[in-house]
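What follows is the content of coords-v9.txt (compact mmCIF, C-alpha atoms).
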# COMPACT_ATOMS: atom_id res chain seq x y z
CA MET H 1393 79.21 136.47 78.44
CA ILE H 1394 80.88 139.49 76.86
CA THR H 1395 81.55 138.84 73.19
CA SER H 1396 81.75 142.35 71.74
CA LEU H 1397 85.12 144.08 71.37
CA ALA H 1398 83.23 147.37 71.51
CA ASN H 1399 81.89 146.67 75.01
CA ASP H 1400 82.62 149.63 77.32
CA ARG H 1401 84.21 147.46 80.01
CA VAL H 1402 86.45 145.79 77.44
CA ARG H 1403 87.51 149.10 75.97
CA ARG H 1404 88.30 150.43 79.45
CA VAL H 1405 90.50 147.43 80.26
CA VAL H 1406 92.33 147.86 76.95
CA SER H 1407 93.01 151.49 77.86
CA TYR H 1408 94.53 150.37 81.16
CA VAL H 1409 96.82 147.97 79.34
CA GLU H 1410 97.92 150.48 76.73
CA LYS H 1411 97.91 153.88 78.47
CA SER H 1412 99.71 154.89 81.65
CA LYS H 1413 97.50 157.98 81.82
CA ALA H 1414 94.35 155.85 82.05
CA ARG H 1415 95.90 153.68 84.77
CA ARG H 1416 97.04 156.74 86.69
CA GLU H 1417 93.70 158.53 86.46
CA ASP H 1418 91.71 155.55 87.75
CA GLY H 1419 94.38 154.28 90.14
CA VAL H 1420 94.41 150.74 88.74
CA PHE H 1421 96.57 148.24 86.89
CA ILE H 1422 96.08 144.90 85.16
CA ILE H 1423 97.18 141.46 86.31
CA GLU H 1424 96.93 138.18 84.41
CA GLY H 1425 96.84 134.57 85.52
CA MET H 1426 95.57 132.74 88.60
CA LYS H 1427 98.90 133.00 90.42
CA MET H 1428 98.74 136.77 90.44
CA LEU H 1429 95.04 136.75 91.28
CA ARG H 1430 95.64 134.49 94.29
CA GLU H 1431 98.34 136.83 95.57
CA ALA H 1432 96.40 140.06 95.04
CA PRO H 1433 94.95 141.64 98.22
CA VAL H 1434 91.22 140.87 98.10
CA LEU H 1435 90.14 144.45 98.78
CA GLN H 1436 92.20 145.75 95.86
CA VAL H 1437 90.64 143.51 93.20
CA SER H 1438 88.06 145.51 91.26
CA GLU H 1439 87.01 143.28 88.33
CA VAL H 1440 87.86 139.79 87.10
CA PHE H 1441 87.39 138.44 83.58
CA VAL H 1442 87.72 134.78 82.56
CA THR H 1443 87.22 132.77 79.41
CA GLU H 1444 84.62 130.01 79.40
CA LYS H 1445 87.31 127.44 78.58
CA PHE H 1446 89.46 128.45 81.54
CA ALA H 1447 86.50 128.48 83.92
CA ASP H 1448 85.44 125.00 82.81
CA GLN H 1449 88.93 123.54 83.26
CA ALA H 1450 89.79 125.33 86.51
CA GLY H 1451 90.25 123.37 89.72
CA GLU H 1452 87.78 123.70 92.56
CA GLU H 1453 89.96 126.16 94.49
CA ASP H 1454 90.36 128.42 91.47
CA LYS H 1455 86.65 128.21 90.69
CA GLU H 1456 85.89 129.31 94.24
CA ILE H 1457 88.19 132.32 93.81
CA LEU H 1458 86.55 133.25 90.51
CA TRP H 1459 83.10 132.87 92.06
CA ARG H 1460 84.10 135.03 95.03
CA TYR H 1461 85.03 137.87 92.71
CA GLY H 1462 81.99 137.44 90.48
CA ALA H 1463 84.20 136.86 87.46
CA GLU H 1464 82.72 137.98 84.14
CA THR H 1465 82.96 135.41 81.35
CA VAL H 1466 84.34 136.70 78.06
CA SER H 1467 84.97 135.16 74.67
CA GLU H 1468 88.45 134.08 73.60
CA GLU H 1469 88.52 136.96 71.13
CA VAL H 1470 87.72 139.49 73.85
CA MET H 1471 90.38 138.06 76.15
CA ASP H 1472 92.91 138.28 73.31
CA LYS H 1473 91.99 141.93 72.91
CA MET H 1474 92.32 142.75 76.60
CA SER H 1475 95.49 140.76 77.24
CA ASP H 1476 99.00 142.17 76.83
CA THR H 1477 100.48 138.76 76.07
CA GLN H 1478 100.61 136.72 72.87
CA THR H 1479 99.18 133.71 74.66
CA PRO H 1480 96.64 134.90 77.26
CA GLN H 1481 96.29 132.75 80.38
CA GLY H 1482 92.51 132.96 80.33
CA VAL H 1483 91.99 135.09 83.41
CA LEU H 1484 92.62 138.80 83.89
CA ALA H 1485 91.82 141.27 86.66
CA VAL H 1486 91.67 145.01 87.26
CA VAL H 1487 93.39 145.83 90.55
CA ARG H 1488 93.40 149.09 92.51
CA HIS H 1489 96.89 150.08 93.53
CA TYR H 1490 97.88 151.07 97.04
CA ASP H 1491 99.50 154.49 97.38
CA TYR H 1492 102.36 154.26 99.85
CA THR H 1493 103.68 157.34 101.58
CA LEU H 1494 107.38 158.18 101.58
CA ASP H 1495 107.50 157.54 105.32
CA GLU H 1496 106.01 154.06 104.86
CA VAL H 1497 108.66 153.22 102.30
CA ILE H 1498 111.54 154.63 104.33
CA GLU H 1499 110.40 153.06 107.59
CA GLY H 1500 109.84 149.65 106.05
CA TYR H 1501 106.06 149.32 105.76
CA SER H 1502 106.34 145.61 104.99
CA ALA H 1503 109.36 144.85 107.16
CA GLY H 1504 107.45 143.78 110.26
CA SER H 1505 107.94 140.18 111.32
CA GLU H 1506 107.74 137.99 114.37
CA GLU H 1507 111.27 139.10 115.13
CA GLY H 1508 110.36 142.76 114.89
CA LYS H 1509 111.18 145.29 112.19
CA THR H 1510 114.35 144.76 110.23
CA SER H 1511 116.92 147.45 109.62
CA PRO H 1512 115.90 149.49 106.53
CA LEU H 1513 117.26 148.19 103.22
CA ILE H 1514 116.14 150.55 100.48
CA LEU H 1515 116.61 150.65 96.72
CA ILE H 1516 116.74 154.07 95.06
CA LEU H 1517 116.22 153.67 91.33
CA GLU H 1518 117.01 156.61 89.08
CA ASN H 1519 115.62 156.70 85.54
CA ILE H 1520 115.35 152.92 85.06
CA GLN H 1521 113.70 152.60 81.65
CA ASP H 1522 113.38 148.90 80.88
CA PRO H 1523 110.12 147.46 82.28
CA GLY H 1524 111.66 144.01 82.62
CA ASN H 1525 114.57 145.40 84.63
CA LEU H 1526 112.25 147.34 86.91
CA GLY H 1527 110.02 144.36 87.61
CA THR H 1528 113.01 142.11 88.20
CA MET H 1529 114.43 144.61 90.70
CA LEU H 1530 111.26 144.43 92.77
CA ARG H 1531 111.22 140.65 92.60
CA SER H 1532 114.88 140.11 93.49
CA GLY H 1533 114.62 142.94 96.02
CA GLU H 1534 111.87 141.12 97.86
CA GLY H 1535 114.00 137.98 97.85
CA ALA H 1536 116.89 139.89 99.41
CA GLY H 1537 114.72 141.51 102.06
CA VAL H 1538 114.47 145.01 100.60
CA THR H 1539 112.10 147.03 102.82
CA GLY H 1540 111.23 149.74 100.30
CA VAL H 1541 111.87 151.03 96.77
CA VAL H 1542 112.14 154.69 95.78
CA LEU H 1543 111.79 155.52 92.08
CA THR H 1544 112.40 158.81 90.31
CA LYS H 1545 109.77 160.16 87.95
CA GLY H 1546 112.09 159.26 85.07
CA CYS H 1547 111.64 155.54 85.74
CA ALA H 1548 109.30 153.34 83.72
CA ASP H 1549 105.71 153.14 84.95
CA ILE H 1550 105.64 150.51 87.69
CA TYR H 1551 102.08 149.61 86.60
CA ASN H 1552 103.12 148.82 83.04
CA PRO H 1553 101.88 145.25 82.34
CA LYS H 1554 105.43 144.13 81.52
CA VAL H 1555 106.66 145.40 84.89
CA ILE H 1556 103.76 143.74 86.70
CA ARG H 1557 104.51 140.37 85.06
CA SER H 1558 108.21 140.63 85.90
CA THR H 1559 107.50 141.26 89.59
CA MET H 1560 105.79 137.83 89.86
CA GLY H 1561 103.61 139.16 92.69
CA SER H 1562 106.22 141.29 94.50
CA ILE H 1563 104.23 144.37 93.45
CA PHE H 1564 101.79 143.42 96.24
CA ARG H 1565 104.41 143.08 98.96
CA VAL H 1566 107.23 145.58 98.41
CA PRO H 1567 106.37 149.21 99.24
CA TYR H 1568 107.38 151.79 96.64
CA VAL H 1569 107.03 155.48 95.93
CA TYR H 1570 107.92 157.91 93.14
CA VAL H 1571 109.91 161.07 93.90
CA GLU H 1572 111.10 164.02 91.85
CA SER H 1573 114.80 163.83 92.68
CA ALA H 1574 117.15 161.05 93.74
CA SER H 1575 119.63 163.51 95.23
CA ARG H 1576 116.99 165.04 97.49
CA ILE H 1577 115.81 161.69 98.82
CA VAL H 1578 119.43 160.70 99.46
CA ARG H 1579 119.90 163.73 101.68
CA ALA H 1580 116.63 162.94 103.48
CA LEU H 1581 117.75 159.37 104.12
CA GLU H 1582 121.17 160.45 105.39
CA ASP H 1583 119.41 162.83 107.80
CA ARG H 1584 117.49 159.81 109.15
CA GLY H 1585 120.64 157.82 109.72
CA ILE H 1586 120.32 155.64 106.62
CA HIS H 1587 123.67 155.16 104.89
CA THR H 1588 123.56 155.61 101.11
CA TYR H 1589 125.76 153.81 98.58
CA ALA H 1590 125.92 154.63 94.87
CA ALA H 1591 126.82 151.82 92.46
CA HIS H 1592 129.37 153.70 90.37
CA LEU H 1593 132.30 152.99 88.05
CA LYS H 1594 134.33 155.61 89.94
CA GLY H 1595 133.86 153.85 93.26
CA ARG H 1596 137.21 153.48 95.03
CA GLN H 1597 136.27 150.45 97.12
CA ASN H 1598 134.55 147.20 96.22
CA TYR H 1599 130.96 146.76 97.30
CA ASP H 1600 131.72 143.88 99.70
CA GLU H 1601 134.00 146.00 101.90
CA PHE H 1602 131.16 147.77 103.72
CA ASP H 1603 128.78 147.01 106.57
CA TYR H 1604 125.20 146.71 105.30
CA THR H 1605 123.74 145.39 108.53
CA ARG H 1606 123.08 148.99 109.51
CA PRO H 1607 120.31 151.04 107.80
CA THR H 1608 121.25 151.01 104.12
CA ALA H 1609 120.14 152.40 100.77
CA PHE H 1610 121.59 151.51 97.37
CA LEU H 1611 121.40 153.85 94.37
CA ILE H 1612 121.10 152.26 90.92
CA GLY H 1613 121.11 154.40 87.79
CA ASN H 1614 119.84 154.31 84.24
CA GLU H 1615 120.76 151.28 82.12
CA GLY H 1616 122.82 153.30 79.64
CA LYS H 1617 123.88 156.46 81.45
CA GLY H 1618 124.12 155.32 85.04
CA LEU H 1619 123.42 157.72 87.89
CA THR H 1620 123.22 161.45 87.29
CA ILE H 1621 126.12 163.49 88.65
CA GLU H 1622 123.80 165.03 91.26
CA ALA H 1623 122.63 161.67 92.60
CA ALA H 1624 126.12 160.15 92.65
CA GLU H 1625 127.61 163.13 94.45
CA ALA H 1626 124.79 163.20 97.01
CA ALA H 1627 125.39 159.57 98.02
CA GLY H 1628 127.45 158.98 101.13
CA THR H 1629 129.74 156.49 99.38
CA LYS H 1630 130.46 155.37 95.81
CA ILE H 1631 130.98 151.61 95.59
CA LEU H 1632 132.35 149.49 92.78
CA ILE H 1633 131.26 146.08 91.51
CA PRO H 1634 134.56 144.75 90.07
CA MET H 1635 134.44 143.13 86.64
CA LYS H 1636 136.91 141.22 84.52
CA GLY H 1637 137.37 141.08 80.77
CA GLU H 1638 136.23 143.95 78.59
CA VAL H 1639 132.87 144.45 80.30
CA GLU H 1640 132.41 148.17 80.99
CA SER H 1641 129.20 148.13 83.00
CA MET H 1642 126.79 145.82 84.75
CA ASN H 1643 123.12 145.36 83.90
CA ALA H 1644 121.08 147.51 86.31
CA ALA H 1645 118.94 144.63 87.58
CA THR H 1646 122.03 142.46 88.04
CA SER H 1647 123.80 145.22 89.99
CA SER H 1648 120.76 145.61 92.20
CA ALA H 1649 120.65 141.88 92.94
CA ILE H 1650 124.38 141.69 93.72
CA LEU H 1651 124.22 144.56 96.21
CA THR H 1652 120.99 143.62 97.96
CA PHE H 1653 121.92 139.96 98.32
CA GLU H 1654 125.29 140.96 99.79
CA ALA H 1655 123.32 142.94 102.37
CA ALA H 1656 121.09 139.92 102.93
CA ARG H 1657 124.14 137.67 103.40
CA GLN H 1658 125.62 139.99 106.00
CA ARG H 1659 122.34 140.29 107.86
CA ARG H 1660 121.81 136.53 107.97
CA ARG H 1661 125.31 136.10 109.37
CA VAL H 1662 124.62 138.60 112.16
CA LYS H 1663 121.38 136.81 113.17
CA ARG H 1664 123.13 133.46 113.65
Kindly transcribe the structure held in the file into C-alpha cells.
Amino acid sequence: MITSLANDRVRRVVSYVEKSKARREDGVFIIEGMKMLREAPVLQVSEVFVTEKFADQAGEEDKEILWRYGAETVSEEVMDKMSDTQTPQGVLAVVRHYDYTLDEVIEGYSAGSEEGKTSPLILILENIQDPGNLGTMLRSGEGAGVTGVVLTKGCADIYNPKVIRSTMGSIFRVPYVYVESASRIVRALEDRGIHTYAAHLKGRQNYDEFDYTRPTAFLIGNEGKGLTIEAAEAAGTKILIPMKGEVESMNAATSSAILTFEAARQRRRVKR
C-alpha cells in the first residue's frame, strides 16, 4: 500500500491532475470512479489506484476489473491528494489518450454501425473556455449522433479533469482534434462537401429552417464573445436560435445541444 504523499507515482499523478503540460508531455489524463474505468478502452489504461476501503466493499465484477489492472492500493490520504474532487470515489486511473487525425474526425471515425456510416455531423468549437461546457458538449454531442468534434487551440484542455468528468465517458467514444484556426477548417470542410452553419446573432434565418440530413458542421463560439469574425464569415450560413424576453445570448453548451439534436431529429425522420 502506498501511504506516502511524497511517493514518486503519487506526485506524478498529482502533476497530471494539476498541469496540462504534464498531461500533454506524457500523453495521459486522469479518470475517477468505476463507471469511467469500466468504459475506458483496456489498452489505454496505464495505472489504477484504489483505496483499501473501496476494494473491500467492491462487488465481484468490480474486484475482477481492479485485479485485471493490478490496481495499487493507496491510503485515504493519498487518494485525497491525487483526486480532483472534494469527495473522492475511491478509485482513480491514469489513461493514455488516443490521438485522432483530422481525417478520422472529419470522416466519422466512430460513426460506423450495422447500417453503415452515417452522414458527417461535426461540431467546430472555437475558444470554448469553460471545462464544464466543453465536457457537456461532448456528452450531448454523442447523444445527438455527432461524428466528430474539432476544437481550436483557444479551447480549454479536453483532458482537464473537470472536462473528463463532464463527458461521463463520451471522451472514449467521440473523436476530436485540435486545430489552429476555425476559419481554415471551415473552408476544408466546405471543400469536402460538408455544409457549415455558424450559430450567430446576425443569422437571418432560424436554425430549424435548414436540411441537416446532409453532411453538416455547426460552429459554436466562445461563451462571452461568440465566434470570431473570421470564423463566422467563413461559414457557409449564419443561423439564429430565436429567443424571447431580454435574453441576449444562449449558453454555448445549450446552443450546441439545440442544433445537434435538431439534426438528430431530422435524421431519425428520414430513416423511418
Calculate how many Å separate CA of Ser1532 (chain H) from CA of Thr1652 (chain H), rounding to one decimal.
8.3 Å
Which neighbours of Gly1425 (chain H) fall inside 9 Å, counting only C-alpha atoms, when residues of the same chain fewer than 4 positions from it are skipped, and could you give them as a ChimeraX atom specification?
/H:1429-1430,1480-1485
Please report the interatomic distance between CA of Ala1627 (chain H) and CA of Pro1567 (chain H) in Å with one decimal.
21.7 Å
Could you give me, as a list in words, the residues within 7 Å of region 1435-1440 of chain H, counting all atoms listed in the file and dropping anything in the same chain fewer than 3 positions from it?
Ala1432, Tyr1461, Ala1463, Glu1464, Leu1484, Ala1485, Val1486, Val1487, Arg1488 and His1489 of chain H
Skipping near chain neighbours, those fewer than 6 positions away, what residues fall within 9 Å of Asp1476 (chain H) using only C-alpha atoms, listed as JSON, numbers by chain?
{"H": [1406, 1409, 1410, 1424, 1553, 1554]}
Surrounding residues of Met1471 (chain H) excluding itself and chain neighbours under 3 positions, 10 Å, only C-alpha atoms, as a ChimeraX atom specification:
/H:1394-1395,1397,1402,1441-1443,1465-1468,1474-1476,1479-1484
Mind giving me the straight-line distance from CA of Gly1618 (chain H) to CA of Met1642 (chain H) in Å, one decimal?
9.9 Å
Cut-off 9 Å around (102.7, 152.5, 86.5) with all atoms listed in the file: residues as a list in words
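It turns out the residues near that spot are Ser1412, Lys1413, Arg1415, Arg1416, Val1420, Phe1421, Ala1548, Asp1549, Ile1550, Tyr1551, Asn1552, Pro1553, Val1555 and Ile1556 of chain H.
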Point out the residue among H:Ala1609, H:Ala1447, H:Arg1531, H:Met1426 with the least atom-to-atom distance to Val1497 (chain H), counting all atoms listed in the file.
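Ranking H:Ala1609, H:Ala1447, H:Arg1531, H:Met1426 by distance to Val1497 (chain H), first place goes to H:Ala1609.
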Asn1519 (chain H) environment, 8 Å, all atoms listed in the file, sequence neighbours closer than 3 positions dropped, as a ChimeraX atom specification:
/H:1543-1548,1613-1614
Residue among H:Ala1450, H:Leu1651, H:Val1470, H:Ala1590 lying closest to Arg1401 (chain H), counting all atoms listed in the file
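With all atoms listed in the file as the atom set, the closest residue is H:Val1470.
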Select all residues near (119.9, 159.9, 97.5) (cut-off 9 Å, inclusive, file coordinates), counting all atoms listed in the file, and output them as a VMD selection string.
chain H and resid 1516 1573 to 1582 1588 to 1590 1609 to 1611 1622 to 1628
Using only C-alpha atoms, the residue out of H:Ile1457, H:Ile1520, H:Met1428, H:Val1662 with shortest distance to Gly1561 (chain H) is H:Met1428
For each of H:Ala1414, H:Ile1514, H:Ala1536, H:Val1405, take the minimum atom-to-atom distance to Ala1649 (chain H), counting all atoms listed in the file, then give the residue where this is smallest.
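Smallest distance to Ala1649 (chain H) is found for H:Ala1536.
Minimum atom-to-atom distances from H:Ile1586, H:Ala1644, H:Asp1472, H:Thr1493 to Glu1615 (chain H) were compared using all atoms listed in the file, and the lowest value belongs to H:Ala1644.
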Determine the nearest neighbour of Thr1646 (chain H) from the options H:Val1542, H:Lys1594, H:Gly1533, H:Tyr1570, counting all atoms listed in the file.
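Result for the nearest residue to Thr1646 (chain H): H:Gly1533.
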